[in-house]
Structure formats: C-alpha cells, structure tokens
file data14.cif (mmCIF, N, CA and C atoms)
data_coords
loop_
_atom_site.label_atom_id
_atom_site.label_comp_id
_atom_site.auth_asym_id
_atom_site.auth_seq_id
_atom_site.Cartn_x
_atom_site.Cartn_y
_atom_site.Cartn_z
N MET A 262 33.68 27.14 46.43
CA MET A 262 33.88 26.52 47.73
C MET A 262 33.35 25.09 47.67
N PRO A 263 34.07 24.13 48.24
CA PRO A 263 33.60 22.75 48.28
C PRO A 263 32.32 22.62 49.12
N THR A 264 31.69 21.48 49.03
CA THR A 264 30.48 21.20 49.80
C THR A 264 30.86 20.59 51.15
N PHE A 265 30.19 21.05 52.22
CA PHE A 265 30.42 20.53 53.56
C PHE A 265 29.08 20.12 54.17
N ARG A 266 29.09 19.01 54.91
CA ARG A 266 27.90 18.61 55.66
C ARG A 266 27.81 19.51 56.89
N ILE A 267 26.62 20.01 57.17
CA ILE A 267 26.38 20.85 58.35
C ILE A 267 25.13 20.33 59.04
N TYR A 268 25.24 20.11 60.34
CA TYR A 268 24.11 19.64 61.13
C TYR A 268 23.68 20.75 62.10
N GLN A 269 22.41 20.78 62.40
CA GLN A 269 21.92 21.55 63.54
C GLN A 269 21.40 20.53 64.53
N VAL A 270 21.98 20.53 65.71
CA VAL A 270 21.69 19.52 66.71
C VAL A 270 21.10 20.20 67.95
N ASP A 271 20.04 19.62 68.49
CA ASP A 271 19.48 20.09 69.75
C ASP A 271 20.11 19.26 70.87
N ALA A 272 21.11 19.84 71.54
CA ALA A 272 21.82 19.13 72.61
C ALA A 272 20.98 19.13 73.89
N PHE A 273 21.21 18.13 74.72
CA PHE A 273 20.57 17.98 76.03
C PHE A 273 19.08 17.67 75.94
N THR A 274 18.63 17.07 74.84
CA THR A 274 17.22 16.69 74.72
C THR A 274 17.08 15.57 73.69
N THR A 275 15.96 14.89 73.75
CA THR A 275 15.62 13.91 72.71
C THR A 275 14.46 14.40 71.87
N GLN A 276 13.96 15.61 72.17
CA GLN A 276 12.83 16.17 71.45
C GLN A 276 13.28 17.28 70.50
N PRO A 277 12.80 17.25 69.25
CA PRO A 277 13.16 18.32 68.32
C PRO A 277 12.72 19.69 68.84
N PHE A 278 13.54 20.68 68.56
CA PHE A 278 13.27 22.08 68.90
C PHE A 278 13.23 22.34 70.40
N LYS A 279 13.90 21.50 71.15
CA LYS A 279 14.07 21.68 72.60
C LYS A 279 15.58 21.69 72.85
N GLY A 280 16.00 21.89 74.05
CA GLY A 280 17.42 21.83 74.38
C GLY A 280 18.19 23.03 73.85
N ASN A 281 19.48 22.85 73.65
CA ASN A 281 20.37 23.92 73.20
C ASN A 281 20.83 23.62 71.77
N PRO A 282 20.44 24.42 70.79
CA PRO A 282 20.86 24.16 69.41
C PRO A 282 22.31 24.55 69.18
N ALA A 283 22.98 23.72 68.41
CA ALA A 283 24.38 23.99 68.03
C ALA A 283 24.59 23.49 66.61
N GLY A 284 25.42 24.19 65.87
CA GLY A 284 25.82 23.72 64.55
C GLY A 284 27.03 22.82 64.67
N VAL A 285 27.13 21.85 63.77
CA VAL A 285 28.29 20.94 63.73
C VAL A 285 28.68 20.72 62.27
N VAL A 286 29.94 20.96 61.97
CA VAL A 286 30.52 20.61 60.68
C VAL A 286 31.47 19.45 60.97
N PRO A 287 31.05 18.19 60.69
CA PRO A 287 31.82 17.04 61.13
C PRO A 287 33.16 16.83 60.42
N ASP A 288 33.35 17.44 59.26
CA ASP A 288 34.66 17.40 58.60
C ASP A 288 34.90 18.79 58.00
N ALA A 289 35.62 19.60 58.75
CA ALA A 289 35.88 20.98 58.34
C ALA A 289 37.22 21.14 57.64
N THR A 290 37.82 20.03 57.24
CA THR A 290 39.11 20.08 56.55
C THR A 290 39.02 21.01 55.34
N GLY A 291 39.94 21.96 55.27
CA GLY A 291 39.98 22.91 54.17
C GLY A 291 39.35 24.25 54.49
N LEU A 292 38.63 24.33 55.60
CA LEU A 292 38.03 25.61 55.99
C LEU A 292 39.02 26.44 56.79
N GLY A 293 39.13 27.71 56.46
CA GLY A 293 39.93 28.63 57.23
C GLY A 293 39.07 29.39 58.22
N PRO A 294 39.69 30.19 59.07
CA PRO A 294 38.94 30.95 60.08
C PRO A 294 37.84 31.84 59.48
N ALA A 295 38.11 32.51 58.38
CA ALA A 295 37.09 33.37 57.77
C ALA A 295 35.90 32.54 57.26
N ASP A 296 36.18 31.36 56.71
CA ASP A 296 35.11 30.47 56.25
C ASP A 296 34.25 30.01 57.43
N MET A 297 34.92 29.60 58.50
CA MET A 297 34.19 29.12 59.67
C MET A 297 33.35 30.23 60.27
N GLN A 298 33.91 31.42 60.33
CA GLN A 298 33.15 32.56 60.87
C GLN A 298 31.93 32.84 60.00
N ALA A 299 32.08 32.78 58.68
CA ALA A 299 30.96 33.02 57.78
C ALA A 299 29.86 31.98 57.94
N ILE A 300 30.25 30.71 58.11
CA ILE A 300 29.26 29.64 58.32
C ILE A 300 28.54 29.85 59.64
N ALA A 301 29.28 30.15 60.70
CA ALA A 301 28.67 30.38 62.01
C ALA A 301 27.71 31.57 61.95
N ARG A 302 28.10 32.60 61.25
CA ARG A 302 27.23 33.78 61.11
C ARG A 302 25.96 33.41 60.33
N GLU A 303 26.10 32.62 59.28
CA GLU A 303 24.94 32.20 58.48
C GLU A 303 23.98 31.33 59.29
N LEU A 304 24.52 30.39 60.10
CA LEU A 304 23.67 29.53 60.92
C LEU A 304 22.99 30.31 62.03
N ASN A 305 23.69 31.33 62.55
CA ASN A 305 23.16 32.22 63.58
C ASN A 305 22.70 31.47 64.84
N LEU A 306 23.45 30.43 65.19
CA LEU A 306 23.22 29.71 66.45
C LEU A 306 24.22 30.23 67.47
N SER A 307 24.02 29.92 68.74
CA SER A 307 24.95 30.45 69.74
C SER A 307 26.37 29.98 69.48
N GLU A 308 26.57 28.72 69.07
CA GLU A 308 27.88 28.22 68.69
C GLU A 308 27.77 27.18 67.58
N THR A 309 28.83 27.10 66.80
CA THR A 309 28.98 26.07 65.77
C THR A 309 30.35 25.43 65.95
N ALA A 310 30.38 24.10 65.94
CA ALA A 310 31.62 23.34 66.11
C ALA A 310 32.13 22.88 64.74
N PHE A 311 33.44 23.01 64.56
CA PHE A 311 34.10 22.60 63.32
C PHE A 311 35.13 21.53 63.69
N VAL A 312 34.98 20.34 63.12
CA VAL A 312 35.80 19.19 63.48
C VAL A 312 36.92 18.99 62.46
N PHE A 313 38.13 18.84 62.98
CA PHE A 313 39.33 18.61 62.17
C PHE A 313 40.01 17.33 62.63
N PRO A 314 40.81 16.72 61.75
CA PRO A 314 41.58 15.55 62.17
C PRO A 314 42.54 15.89 63.31
N SER A 315 42.89 14.89 64.04
CA SER A 315 43.85 15.03 65.13
C SER A 315 45.18 15.56 64.62
N GLU A 316 45.85 16.34 65.45
CA GLU A 316 47.20 16.82 65.12
C GLU A 316 48.26 16.07 65.92
N GLY A 317 47.84 15.05 66.65
CA GLY A 317 48.79 14.30 67.46
C GLY A 317 48.24 12.92 67.76
N HIS A 318 49.07 12.10 68.40
CA HIS A 318 48.68 10.73 68.70
C HIS A 318 47.94 10.60 70.02
N ASP A 319 47.81 11.69 70.76
CA ASP A 319 47.19 11.63 72.08
C ASP A 319 45.73 12.10 72.08
N HIS A 320 45.15 12.32 70.89
CA HIS A 320 43.74 12.70 70.81
C HIS A 320 43.18 12.29 69.45
N ASP A 321 41.86 12.20 69.37
CA ASP A 321 41.19 11.68 68.18
C ASP A 321 40.81 12.76 67.17
N LEU A 322 40.62 13.98 67.64
CA LEU A 322 40.16 15.04 66.76
C LEU A 322 40.48 16.39 67.37
N ARG A 323 40.27 17.43 66.58
CA ARG A 323 40.44 18.81 67.05
C ARG A 323 39.15 19.54 66.68
N VAL A 324 38.63 20.31 67.62
CA VAL A 324 37.38 21.03 67.38
C VAL A 324 37.60 22.52 67.66
N ARG A 325 37.10 23.34 66.75
CA ARG A 325 37.11 24.79 66.94
C ARG A 325 35.67 25.25 67.02
N PHE A 326 35.41 26.23 67.87
CA PHE A 326 34.06 26.71 68.12
C PHE A 326 33.94 28.18 67.73
N PHE A 327 32.87 28.50 67.01
CA PHE A 327 32.62 29.87 66.59
C PHE A 327 31.20 30.28 66.96
N THR A 328 31.05 31.49 67.48
CA THR A 328 29.75 32.13 67.62
C THR A 328 29.52 32.89 66.32
N PRO A 329 28.37 33.50 66.13
CA PRO A 329 28.21 34.32 64.92
C PRO A 329 29.18 35.50 64.85
N ARG A 330 29.81 35.84 65.98
CA ARG A 330 30.69 37.02 66.01
C ARG A 330 32.17 36.74 66.21
N ALA A 331 32.52 35.57 66.82
CA ALA A 331 33.93 35.34 67.16
C ALA A 331 34.19 33.88 67.47
N GLU A 332 35.47 33.50 67.41
CA GLU A 332 35.87 32.16 67.85
C GLU A 332 35.92 32.17 69.38
N VAL A 333 35.52 31.06 69.98
CA VAL A 333 35.56 30.90 71.44
C VAL A 333 36.35 29.63 71.76
N PRO A 334 36.96 29.58 72.95
CA PRO A 334 37.84 28.44 73.25
C PRO A 334 37.14 27.10 73.46
N ILE A 335 35.90 27.13 73.97
CA ILE A 335 35.20 25.87 74.25
C ILE A 335 33.71 26.15 74.38
N CYS A 336 32.91 25.12 74.13
CA CYS A 336 31.46 25.23 74.29
C CYS A 336 30.91 23.86 74.64
N GLY A 337 30.27 23.77 75.79
CA GLY A 337 29.76 22.48 76.26
C GLY A 337 28.72 21.84 75.37
N HIS A 338 27.66 22.59 75.04
CA HIS A 338 26.59 21.95 74.26
C HIS A 338 27.02 21.66 72.83
N ALA A 339 27.93 22.45 72.26
CA ALA A 339 28.44 22.15 70.92
C ALA A 339 29.37 20.94 70.96
N THR A 340 30.04 20.72 72.09
CA THR A 340 30.87 19.51 72.25
C THR A 340 29.98 18.28 72.29
N ILE A 341 28.90 18.34 73.06
CA ILE A 341 27.94 17.23 73.12
C ILE A 341 27.35 16.98 71.73
N ALA A 342 26.97 18.05 71.04
CA ALA A 342 26.40 17.93 69.69
C ALA A 342 27.39 17.29 68.73
N THR A 343 28.66 17.67 68.83
CA THR A 343 29.70 17.10 67.96
C THR A 343 29.80 15.59 68.13
N HIS A 344 29.83 15.14 69.37
CA HIS A 344 29.97 13.70 69.61
C HIS A 344 28.69 12.94 69.28
N SER A 345 27.55 13.60 69.38
CA SER A 345 26.29 12.98 68.95
C SER A 345 26.31 12.75 67.44
N VAL A 346 26.76 13.75 66.68
CA VAL A 346 26.86 13.61 65.22
C VAL A 346 27.84 12.50 64.87
N ARG A 347 28.98 12.48 65.53
CA ARG A 347 29.98 11.44 65.25
C ARG A 347 29.40 10.05 65.51
N ALA A 348 28.66 9.90 66.60
CA ALA A 348 28.05 8.60 66.90
C ALA A 348 27.01 8.23 65.85
N GLN A 349 26.19 9.20 65.43
CA GLN A 349 25.17 8.93 64.41
C GLN A 349 25.81 8.56 63.07
N GLU A 350 26.98 9.12 62.80
CA GLU A 350 27.69 8.79 61.55
C GLU A 350 28.53 7.52 61.68
N GLY A 351 28.52 6.91 62.85
CA GLY A 351 29.27 5.68 63.06
C GLY A 351 30.76 5.89 63.27
N ILE A 352 31.14 7.09 63.66
CA ILE A 352 32.55 7.39 63.91
C ILE A 352 32.80 7.22 65.40
N HIS A 353 33.68 6.32 65.74
CA HIS A 353 33.96 6.04 67.14
C HIS A 353 35.40 6.38 67.46
N ALA A 354 35.61 6.79 68.69
CA ALA A 354 36.96 7.14 69.14
C ALA A 354 37.86 5.92 69.05
N GLN A 355 39.08 6.15 68.67
CA GLN A 355 40.08 5.10 68.61
C GLN A 355 40.89 5.10 69.91
N PRO A 356 41.28 3.94 70.40
CA PRO A 356 42.12 3.94 71.61
C PRO A 356 43.40 4.72 71.35
N TRP A 357 43.78 5.53 72.31
CA TRP A 357 45.01 6.30 72.17
C TRP A 357 46.20 5.38 72.16
N GLN A 358 47.19 5.74 71.36
CA GLN A 358 48.42 4.98 71.32
C GLN A 358 49.29 5.41 72.49
N GLN A 359 49.86 4.46 73.18
CA GLN A 359 50.75 4.78 74.28
C GLN A 359 52.03 5.40 73.71
N ARG A 360 52.44 6.50 74.28
CA ARG A 360 53.69 7.13 73.84
C ARG A 360 54.87 6.37 74.47
N SER A 361 55.87 6.22 73.68
CA SER A 361 57.09 5.60 74.15
C SER A 361 57.82 6.56 75.07
N SER A 362 58.29 6.09 76.20
CA SER A 362 59.00 6.97 77.14
C SER A 362 60.50 7.00 76.83
N SER A 363 60.94 6.27 75.83
CA SER A 363 62.36 6.27 75.50
C SER A 363 62.73 7.36 74.53
#

call {"tool": "encode", "arguments": {"input": "data14.cif", "output": "structure tokens"}}
result
Amino acid sequence: MPTFRIYQVDAFTTQPFKGNPAGVVPDATGLGPADMQAIARELNLSETAFVFPSEGHDHDLRVRFFTPRAEVPICGHATIATHSVRAQEGIHAQPWQQRSSS
C-alpha cells in the first residue's frame, strides 16, 4: 500500500487535546472504500475525512467521511478539520469557473 499523510485534528479549539478530534487524509487518491474503512477503524476517532480531487468544475474537492464502523454522508467537525489541514498545507480554494449557459 502506498504511503498517505494522516492528520489528527482537534476541531473547534486552539488547545491540544480539547475540542472534537477528527482524522483527515488530505489526499486519499487511490484509496477504495475498504481502505478508508480500515484507516478509520485504526484511528478509532468518531470520524475521519478522506479528500479527493474535484469531479466537476463547480467544486474544489470531494470529501468522504468514515466512522470506525461505516461511511456517513457528512460530519461537521471533520469538515472543519479538513479545511484547517488544507489551510495549514497552503491549499486554497480556487474560484469556481462560471458554467456556460449555451
């Protein structure tokens, strides 16, 4: 298996070991659902976010969220943690391209 960067982020706080912990994999390209589930289970946090490149021109990225037991549709503190990691890594959102109406 390739190497992936994994962060544990305490969302909603500026103090270590406070707030809501979430895992973040800032580039999950190449990971399948079973891989993501195994990583989430290993981290054993309430949720882990896996970031993928955008699949369209109307958004910057795609994020999937996993608990240690299952994929979930959304998670607030893991979303905050994801964008905190992106900011720390110097990754900034790109302006969306206007879609042509023709």

call {"tool": "atom_distance", "arguments": {"input": "data14.cif", "atom1": "atom CA of A:Thr264", "atom2": "atom N of A:Ala342"}}
result
21.8 Å

call {"tool": "residues_around", "arguments": {"input": "data14.cif", "residues": "A:His353", "least_positions_apart": "4", "cutoff": "8 Å", "atoms": "only N, CA and C atoms", "output": "PyMOL selection string"}}
result
chain A and resi 321+347-348

call {"tool": "write_last_selection", "arguments": {"input": "data14.cif", "atoms": "N, CA and C atoms", "output": "PDB file, keeping the file's coordinate frame"}}
result
ATOM      1  N   ASP A 321      41.860  12.200  69.370  1.00  0.00           N
ATOM      2  CA  ASP A 321      41.190  11.680  68.180  1.00  0.00           C
ATOM      3  C   ASP A 321      40.810  12.760  67.170  1.00  0.00           C
ATOM      4  N   ARG A 347      28.980  12.480  65.530  1.00  0.00           N
ATOM      5  CA  ARG A 347      29.980  11.440  65.250  1.00  0.00           C
ATOM      6  C   ARG A 347      29.400  10.050  65.510  1.00  0.00           C
ATOM      7  N   ALA A 348      28.660   9.900  66.600  1.00  0.00           N
ATOM      8  CA  ALA A 348      28.050   8.600  66.900  1.00  0.00           C
ATOM      9  C   ALA A 348      27.010   8.230  65.850  1.00  0.00           C
TER      10      ALA A 348
END

call {"tool": "atom_distance", "arguments": {"input": "data14.cif", "atom1": "atom CA of A:Ala301", "atom2": "atom CA of A:His318"}}
result
28.8 Å

call {"tool": "atom_distance", "arguments": {"input": "data14.cif", "atom1": "atom CA of A:Phe327", "atom2": "atom CA of A:Gln298"}}
result
6.3 Å

call {"tool": "closest_residue", "arguments": {"input": "data14.cif", "among": "A:Val270, A:Ile352, A:Leu292, A:Ala310", "to": "A:Val333", "atoms": "only C-alpha atoms"}}
result
A:Ala310

call {"tool": "resolve_selection", "arguments": {"input": "data14.cif", "expression": "the PyMOL selection byres (((chain A and resi 334-337 and name CA) around 9) and name CA)", "output": "PyMOL selection string"}}
result
chain A and resi 308-310+324-327+332-333+338-342

call {"tool": "residues_near_point", "arguments": {"input": "data14.cif", "point": "(27.2, 19.5, 58.5)", "cutoff": "8 Å", "atoms": "only N, CA and C atoms", "output": "ChimeraX atom specification"}}
result
/A:265-269,284-288

call {"tool": "write_last_selection", "arguments": {"input": "data14.cif", "atoms": "N, CA and C atoms", "output": "mmCIF file, in the coordinates of the input"}}
result
data_model
loop_
_atom_site.group_PDB
_atom_site.id
_atom_site.type_symbol
_atom_site.label_atom_id
_atom_site.label_comp_id
_atom_site.auth_asym_id
_atom_site.auth_seq_id
_atom_site.Cartn_x
_atom_site.Cartn_y
_atom_site.Cartn_z
ATOM 1 N N PHE A 265 30.190 21.050 52.220
ATOM 2 C CA PHE A 265 30.420 20.530 53.560
ATOM 3 C C PHE A 265 29.080 20.120 54.170
ATOM 4 N N ARG A 266 29.090 19.010 54.910
ATOM 5 C CA ARG A 266 27.900 18.610 55.660
ATOM 6 C C ARG A 266 27.810 19.510 56.890
ATOM 7 N N ILE A 267 26.620 20.010 57.170
ATOM 8 C CA ILE A 267 26.380 20.850 58.350
ATOM 9 C C ILE A 267 25.130 20.330 59.040
ATOM 10 N N TYR A 268 25.240 20.110 60.340
ATOM 11 C CA TYR A 268 24.110 19.640 61.130
ATOM 12 C C TYR A 268 23.680 20.750 62.100
ATOM 13 N N GLN A 269 22.410 20.780 62.400
ATOM 14 C CA GLN A 269 21.920 21.550 63.540
ATOM 15 C C GLN A 269 21.400 20.530 64.530
ATOM 16 N N GLY A 284 25.420 24.190 65.870
ATOM 17 C CA GLY A 284 25.820 23.720 64.550
ATOM 18 C C GLY A 284 27.030 22.820 64.670
ATOM 19 N N VAL A 285 27.130 21.850 63.770
ATOM 20 C CA VAL A 285 28.290 20.940 63.730
ATOM 21 C C VAL A 285 28.680 20.720 62.270
ATOM 22 N N VAL A 286 29.940 20.960 61.970
ATOM 23 C CA VAL A 286 30.520 20.610 60.680
ATOM 24 C C VAL A 286 31.470 19.450 60.970
ATOM 25 N N PRO A 287 31.050 18.190 60.690
ATOM 26 C CA PRO A 287 31.820 17.040 61.130
ATOM 27 C C PRO A 287 33.160 16.830 60.420
ATOM 28 N N ASP A 288 33.350 17.440 59.260
ATOM 29 C CA ASP A 288 34.660 17.400 58.600
ATOM 30 C C ASP A 288 34.900 18.790 58.000
#

call {"tool": "residues_near_point", "arguments": {"input": "data14.cif", "point": "(39.3, 20.1, 61.8)", "cutoff": "6 Å", "atoms": "all atoms listed in the file", "output": "list in words"}}
result
Asp288, Ala289, Thr290, Phe311, Val312, Phe313, Pro314, Arg323 and Val324 of chain A

call {"tool": "select_by_dssp", "arguments": {"input": "data14.cif", "residues": "chain A", "states": "strand (DSSP E)", "output": "list in words"}}
result
Tyr268, Gln269, Val270, Asp271, Ala272, Asn281, Pro282, Ala283, Gly284, Val285, Val286, Thr309, Ala310, Phe311, Val312, Phe313, Pro314, Leu322, Arg323, Val324, Arg325, Phe326, Phe327, Glu332 and Val333 of chain A

call {"tool": "write_last_selection", "arguments": {"input": "data14.cif", "atoms": "N, CA and C atoms", "output": "compact mmCIF listing (two decimals), in the coordinates of the input"}}
result
# COMPACT_ATOMS: atom_id res chain seq x y z
N TYR A 268 25.24 20.11 60.34
CA TYR A 268 24.11 19.64 61.13
C TYR A 268 23.68 20.75 62.10
N GLN A 269 22.41 20.78 62.40
CA GLN A 269 21.92 21.55 63.54
C GLN A 269 21.40 20.53 64.53
N VAL A 270 21.98 20.53 65.71
CA VAL A 270 21.69 19.52 66.71
C VAL A 270 21.10 20.20 67.95
N ASP A 271 20.04 19.62 68.49
CA ASP A 271 19.48 20.09 69.75
C ASP A 271 20.11 19.26 70.87
N ALA A 272 21.11 19.84 71.54
CA ALA A 272 21.82 19.13 72.61
C ALA A 272 20.98 19.13 73.89
N ASN A 281 19.48 22.85 73.65
CA ASN A 281 20.37 23.92 73.20
C ASN A 281 20.83 23.62 71.77
N PRO A 282 20.44 24.42 70.79
CA PRO A 282 20.86 24.16 69.41
C PRO A 282 22.31 24.55 69.18
N ALA A 283 22.98 23.72 68.41
CA ALA A 283 24.38 23.99 68.03
C ALA A 283 24.59 23.49 66.61
N GLY A 284 25.42 24.19 65.87
CA GLY A 284 25.82 23.72 64.55
C GLY A 284 27.03 22.82 64.67
N VAL A 285 27.13 21.85 63.77
CA VAL A 285 28.29 20.94 63.73
C VAL A 285 28.68 20.72 62.27
N VAL A 286 29.94 20.96 61.97
CA VAL A 286 30.52 20.61 60.68
C VAL A 286 31.47 19.45 60.97
N THR A 309 28.83 27.10 66.80
CA THR A 309 28.98 26.07 65.77
C THR A 309 30.35 25.43 65.95
N ALA A 310 30.38 24.10 65.94
CA ALA A 310 31.62 23.34 66.11
C ALA A 310 32.13 22.88 64.74
N PHE A 311 33.44 23.01 64.56
CA PHE A 311 34.10 22.60 63.32
C PHE A 311 35.13 21.53 63.69
N VAL A 312 34.98 20.34 63.12
CA VAL A 312 35.80 19.19 63.48
C VAL A 312 36.92 18.99 62.46
N PHE A 313 38.13 18.84 62.98
CA PHE A 313 39.33 18.61 62.17
C PHE A 313 40.01 17.33 62.63
N PRO A 314 40.81 16.72 61.75
CA PRO A 314 41.58 15.55 62.17
C PRO A 314 42.54 15.89 63.31
N LEU A 322 40.62 13.98 67.64
CA LEU A 322 40.16 15.04 66.76
C LEU A 322 40.48 16.39 67.37
N ARG A 323 40.27 17.43 66.58
CA ARG A 323 40.44 18.81 67.05
C ARG A 323 39.15 19.54 66.68
N VAL A 324 38.63 20.31 67.62
CA VAL A 324 37.38 21.03 67.38
C VAL A 324 37.60 22.52 67.66
N ARG A 325 37.10 23.34 66.75
CA ARG A 325 37.11 24.79 66.94
C ARG A 325 35.67 25.25 67.02
N PHE A 326 35.41 26.23 67.87
CA PHE A 326 34.06 26.71 68.12
C PHE A 326 33.94 28.18 67.73
N PHE A 327 32.87 28.50 67.01
CA PHE A 327 32.62 29.87 66.59
C PHE A 327 31.20 30.28 66.96
N GLU A 332 35.47 33.50 67.41
CA GLU A 332 35.87 32.16 67.85
C GLU A 332 35.92 32.17 69.38
N VAL A 333 35.52 31.06 69.98
CA VAL A 333 35.56 30.90 71.44
C VAL A 333 36.35 29.63 71.76

call {"tool": "select_by_dssp", "arguments": {"input": "data14.cif", "residues": "chain A", "states": "alpha helix (DSSP H)", "output": "PyMOL selection string"}}
result
chain A and resi 294-304+337-349

call {"tool": "build_atoms", "arguments": {"input": "data14.cif", "residues": "stretch 308-328 of chain A", "atoms": "N, CA, C and O atoms", "output": "short mmCIF file (atom, residue, chain, number, x, y, z; two decimals), keeping the file's coordinate frame"}}
result
data_model
loop_
_atom_site.label_atom_id
_atom_site.label_comp_id
_atom_site.auth_asym_id
_atom_site.auth_seq_id
_atom_site.Cartn_x
_atom_site.Cartn_y
_atom_site.Cartn_z
N GLU A 308 26.57 28.72 69.07
CA GLU A 308 27.88 28.22 68.69
C GLU A 308 27.77 27.18 67.58
O GLU A 308 26.77 26.48 67.48
N THR A 309 28.83 27.10 66.80
CA THR A 309 28.98 26.07 65.77
C THR A 309 30.35 25.43 65.95
O THR A 309 31.35 26.14 66.13
N ALA A 310 30.38 24.10 65.94
CA ALA A 310 31.62 23.34 66.11
C ALA A 310 32.13 22.88 64.74
O ALA A 310 31.36 22.42 63.91
N PHE A 311 33.44 23.01 64.56
CA PHE A 311 34.10 22.60 63.32
C PHE A 311 35.13 21.53 63.69
O PHE A 311 36.04 21.79 64.47
N VAL A 312 34.98 20.34 63.12
CA VAL A 312 35.80 19.19 63.48
C VAL A 312 36.92 18.99 62.46
O VAL A 312 36.67 18.96 61.25
N PHE A 313 38.13 18.84 62.98
CA PHE A 313 39.33 18.61 62.17
C PHE A 313 40.01 17.33 62.63
O PHE A 313 39.86 16.91 63.78
N PRO A 314 40.81 16.72 61.75
CA PRO A 314 41.58 15.55 62.17
C PRO A 314 42.54 15.89 63.31
O PRO A 314 42.94 17.05 63.48
N SER A 315 42.89 14.89 64.04
CA SER A 315 43.85 15.03 65.13
C SER A 315 45.18 15.56 64.62
O SER A 315 45.61 15.25 63.51
N GLU A 316 45.85 16.34 65.45
CA GLU A 316 47.20 16.82 65.12
C GLU A 316 48.26 16.07 65.92
O GLU A 316 49.42 16.43 65.89
N GLY A 317 47.84 15.05 66.65
CA GLY A 317 48.79 14.30 67.46
C GLY A 317 48.24 12.92 67.76
O GLY A 317 47.09 12.60 67.44
N HIS A 318 49.07 12.10 68.40
CA HIS A 318 48.68 10.73 68.70
C HIS A 318 47.94 10.60 70.02
O HIS A 318 47.48 9.52 70.37
N ASP A 319 47.81 11.69 70.76
CA ASP A 319 47.19 11.63 72.08
C ASP A 319 45.73 12.10 72.08
O ASP A 319 45.13 12.25 73.13
N HIS A 320 45.15 12.32 70.89
CA HIS A 320 43.74 12.70 70.81
C HIS A 320 43.18 12.29 69.45
O HIS A 320 43.93 12.03 68.51
N ASP A 321 41.86 12.20 69.37
CA ASP A 321 41.19 11.68 68.18
C ASP A 321 40.81 12.76 67.17
O ASP A 321 40.63 12.46 66.00
N LEU A 322 40.62 13.98 67.64
CA LEU A 322 40.16 15.04 66.76
C LEU A 322 40.48 16.39 67.37
O LEU A 322 40.89 16.47 68.52
N ARG A 323 40.27 17.43 66.58
CA ARG A 323 40.44 18.81 67.05
C ARG A 323 39.15 19.54 66.68
O ARG A 323 38.64 19.38 65.58
N VAL A 324 38.63 20.31 67.62
CA VAL A 324 37.38 21.03 67.38
C VAL A 324 37.60 22.52 67.66
O VAL A 324 38.21 22.88 68.66
N ARG A 325 37.10 23.34 66.75
CA ARG A 325 37.11 24.79 66.94
C ARG A 325 35.67 25.25 67.02
O ARG A 325 34.80 24.72 66.32
N PHE A 326 35.41 26.23 67.87
CA PHE A 326 34.06 26.71 68.12
C PHE A 326 33.94 28.18 67.73
O PHE A 326 34.78 29.00 68.10
N PHE A 327 32.87 28.50 67.01
CA PHE A 327 32.62 29.87 66.59
C PHE A 327 31.20 30.28 66.96
O PHE A 327 30.25 29.51 66.76
N THR A 328 31.05 31.49 67.48
CA THR A 328 29.75 32.13 67.62
C THR A 328 29.52 32.89 66.32
O THR A 328 30.43 32.95 65.48
#
